[in-house]
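Text of upload21.csv, listed as CSV, C-alpha atoms:
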chain,number,residue,atom,x,y,z
A,1376,MET,CA,100.4,24.3,-2.2
A,1377,ILE,CA,98.9,21.4,-4.1
A,1378,PRO,CA,97.1,19.9,-1.0
A,1379,VAL,CA,95.5,23.3,-0.4
A,1380,LEU,CA,94.3,23.7,-3.9
A,1381,LEU,CA,93.0,20.1,-4.0
A,1382,ALA,CA,91.1,20.6,-0.8
A,1383,ALA,CA,89.7,23.9,-2.2
A,1384,VAL,CA,88.5,22.1,-5.4
A,1385,ILE,CA,87.0,19.3,-3.4
A,1386,THR,CA,85.2,21.8,-1.2
A,1387,LEU,CA,84.0,23.8,-4.2
A,1388,LEU,CA,82.7,20.6,-5.9
A,1389,ALA,CA,80.9,19.5,-2.7
A,1390,SER,CA,79.3,22.9,-2.3
A,1391,VAL,CA,78.1,23.0,-5.9
A,1392,LEU,CA,77.0,19.3,-6.2
A,1393,LEU,CA,75.5,18.6,-2.8
A,1394,PRO,CA,72.4,20.9,-3.2
A,1395,PHE,CA,71.4,18.8,-6.2
A,1396,ALA,CA,71.5,15.6,-4.0
A,1397,VAL,CA,69.8,17.2,-1.0
A,1398,LYS,CA,67.0,19.1,-2.8
A,1399,PRO,CA,65.1,16.0,-4.0
A,1400,TRP,CA,65.3,14.5,-0.5
A,1401,LEU,CA,63.9,17.7,1.1
A,1402,VAL,CA,61.1,17.9,-1.4
A,1403,LYS,CA,60.2,14.2,-0.8
A,1404,MET,CA,60.2,14.9,2.9
A,1405,GLY,CA,58.0,17.9,2.4
A,1406,VAL,CA,60.4,20.4,4.0
A,1407,VAL,CA,58.9,23.4,2.2
A,1408,ASP,CA,57.5,26.8,3.1
A,1409,VAL,CA,54.2,27.5,1.5
A,1410,PRO,CA,53.7,31.3,1.1
A,1411,SER,CA,51.1,33.0,3.3
A,1412,ALA,CA,50.1,36.6,4.0
A,1413,ARG,CA,53.0,36.9,6.4
A,1414,SER,CA,55.6,35.3,4.1
A,1415,SER,CA,58.5,37.2,2.6
A,1416,HIS,CA,58.4,34.9,-0.5
A,1417,GLY,CA,55.7,34.5,-3.2
A,1418,ARG,CA,56.1,30.9,-4.1
A,1419,THR,CA,56.8,27.6,-2.4
A,1420,THR,CA,60.4,27.6,-1.0
A,1421,ILE,CA,62.5,24.6,0.1
A,1422,ARG,CA,63.8,24.8,3.6
A,1423,GLY,CA,66.7,22.8,4.9
A,1424,MET,CA,69.3,23.5,2.3
A,1425,GLY,CA,71.7,24.3,5.1
A,1426,VAL,CA,72.2,20.5,5.3
A,1427,ALA,CA,74.1,20.7,1.9
A,1428,VAL,CA,76.2,23.7,3.2
A,1429,SER,CA,77.1,21.8,6.4
A,1430,LEU,CA,78.0,18.7,4.6
A,1431,ALA,CA,80.1,20.6,2.1
A,1432,THR,CA,81.9,22.3,5.0
A,1433,ALA,CA,82.6,19.0,6.7
A,1434,VAL,CA,83.7,17.4,3.5
A,1435,GLY,CA,86.1,20.3,2.7
A,1436,TYR,CA,87.5,20.3,6.2
A,1437,ALA,CA,88.0,16.5,6.2
A,1438,ALA,CA,89.7,16.8,2.8
A,1439,ALA,CA,92.0,19.5,4.0
A,1440,VAL,CA,93.0,17.4,7.0
A,1441,VAL,CA,93.4,14.1,5.0
A,1442,LEU,CA,95.4,15.8,2.3
A,1443,GLY,CA,97.7,17.5,4.9
A,1444,ALA,CA,96.6,21.1,4.0
A,1445,VAL,CA,95.6,21.5,7.6
A,1446,THR,CA,97.5,19.6,10.3
A,1447,VAL,CA,95.6,19.1,13.5
A,1448,ASP,CA,95.4,16.5,16.2
A,1449,ARG,CA,92.6,13.9,15.8
A,1450,SER,CA,90.8,15.4,18.9
A,1451,VAL,CA,90.8,18.8,17.3
A,1452,PHE,CA,89.6,17.4,14.0
A,1453,LEU,CA,86.7,15.6,15.7
A,1454,THR,CA,85.8,18.6,17.8
A,1455,VAL,CA,85.5,20.8,14.7
A,1456,LEU,CA,83.3,18.2,13.1
A,1457,ALA,CA,81.2,18.0,16.2
A,1458,ILE,CA,80.8,21.8,16.1
A,1459,ILE,CA,79.7,21.6,12.5
A,1460,ALA,CA,77.2,18.9,13.3
A,1461,ALA,CA,75.8,20.7,16.3
A,1462,SER,CA,75.3,23.9,14.3
A,1463,ALA,CA,73.7,22.0,11.5
A,1464,THR,CA,71.4,20.3,13.9
A,1465,VAL,CA,70.2,23.6,15.3
A,1466,GLY,CA,69.5,24.8,11.7
A,1467,TRP,CA,67.7,21.5,10.9
A,1468,ILE,CA,65.5,21.7,13.9
A,1469,GLU,CA,64.7,25.4,13.0
A,1470,ASP,CA,63.8,24.3,9.5
A,1471,LEU,CA,61.6,21.4,10.6
A,1472,ARG,CA,59.8,22.7,13.7
A,1473,GLY,CA,60.9,26.2,14.2
A,1474,LEU,CA,62.7,27.6,17.3
A,1475,SER,CA,62.2,30.8,19.2
A,1476,ILE,CA,64.7,33.5,18.6
A,1477,ARG,CA,65.9,33.1,22.1
A,1478,GLY,CA,66.2,29.4,21.9
A,1479,ARG,CA,68.1,29.5,18.6
A,1480,ALA,CA,70.4,32.3,19.9
A,1481,ALA,CA,71.1,30.4,23.1
A,1482,ALA,CA,71.8,27.1,21.2
A,1483,GLN,CA,74.2,28.9,18.8
A,1484,LEU,CA,75.9,30.8,21.6
A,1485,GLY,CA,76.2,27.6,23.6
A,1486,ILE,CA,77.7,25.7,20.7
A,1487,GLY,CA,80.2,28.5,20.0
A,1488,ALA,CA,81.2,28.9,23.6
A,1489,ALA,CA,81.5,25.2,24.3
A,1490,GLY,CA,83.3,24.5,21.0
A,1491,SER,CA,85.7,27.3,21.6
A,1492,ALA,CA,86.4,26.2,25.2
A,1493,VAL,CA,87.1,22.7,24.1
A,1494,LEU,CA,89.4,23.8,21.3
A,1495,VAL,CA,91.3,26.2,23.6
A,1496,PHE,CA,91.7,23.3,26.1
A,1497,LEU,CA,92.8,20.8,23.4
A,1498,THR,CA,95.3,23.2,21.8
A,1499,GLY,CA,96.7,24.7,25.1
A,1500,GLN,CA,95.9,28.2,23.9
A,1501,SER,CA,94.9,31.1,26.0
A,1502,PHE,CA,91.3,32.5,26.0
A,1503,TRP,CA,92.8,35.9,25.4

Here is a file; write its structure as structure tokens.
Amino acid sequence: MIPVLLAAVITLLASVLLPFAVKPWLVKMGVVDVPSARSSHGRTTIRGMGVAVSLATAVGYAAAVVLGAVTVDRSVFLTVLAIIAASATVGWIEDLRGLSIRGRAAAQLGIGAAGSAVLVFLTGQSFW
């Protein structure tokens, strides 16, 4: 029980603190939306905060594995981290350059399908 609680606390701390570390970096890079007539927001808004969420997710998952709250093979661990990184990359590209709805949906579907297929293969589970 203690490893689970410790992993949860680490994840919570990462998710609360990482936005404070990421925000200045995004502002410095100029990753912001300036409102226009078509905007849904009325003031300058920072884009890219999904980086903090993705990092917190990866930190929490790594903490759970290292602390023994989740026991998985190294290949499964690395696959899940790769899925997190790939999903974060799609979000980052969307925030920086924009992606068409089809392109983003195709990328997300591809990541989900490929990641699931690899995990099914690695764990010897059935697709059904």

### Task
Tell me which protein, DNA and RNA residues are within 12 Å of A:Met1376, counting all atoms listed in the file, leaving out same-chain ones fewer than 6 positions away, and put them as a PyMOL selection string.
chain A and resi 1382-1383+1439+1442-1445

#### Entry: For A:Ile1468, the nearest of the candidates A:Leu1393, A:Val1384, A:Ala1482, A:Val1495, counting all atoms listed in the file
A:Ala1482

### Task
Tell me, in Å to one decimal, how far atom CA of A:Val1407 is from atom CA of A:Thr1419.
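Answer for the atom CA of A:Val1407 to atom CA of A:Thr1419 separation: 6.6 Å.
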
### Query
Within 10 Å of A:Ala1461, counting all atoms listed in the file, which residues qualify if same-chain residues fewer than 2 places away don't, as a VMD selection string?
chain A and resid 1455 to 1459 1463 to 1467 1482 to 1483 1486 to 1487 1490

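Interatomic distance, atom CA of A:Val1428 to atom CA of A:Leu1401: 13.8 Å.
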
Grab all the atoms of stretch 1394-1407 of chain A that the file lists, wrap them in a box along x, y and z, add 3 Å per side, and give me centre plus edge lengths in Å (one decimal) as lines of an AutoDock Vina configuration file.
center_x = 65.2
center_y = 18.8
center_z = -1.1
size_x = 20.4
size_y = 15.2
size_z = 16.2

Proximity check stretch 1442-1490 of chain A to stretch 1496-1499 of chain A, 9 Å, nearest pairs one decimal Å, only C-alpha atoms, as CSV:
residue,atom,partner,partner_atom,distance
A:Asp1448,CA,A:Thr1498,CA,8.7
A:Ser1450,CA,A:Leu1497,CA,7.3
A:Val1451,CA,A:Leu1497,CA,6.7

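Once A:Trp1400 and its same-chain neighbours fewer than 5 positions away are set aside, Leu1393, Pro1394, Phe1395, Gly1405, Val1406, Val1407, Ile1421, Arg1422, Gly1423, Met1424, Val1426 and Ala1427 of chain A remain within 12 Å of it when counting only C-alpha atoms.
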
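Picture a line from atom CA of A:Phe1452 to atom CA of A:Arg1479; it runs 25.1 Å.
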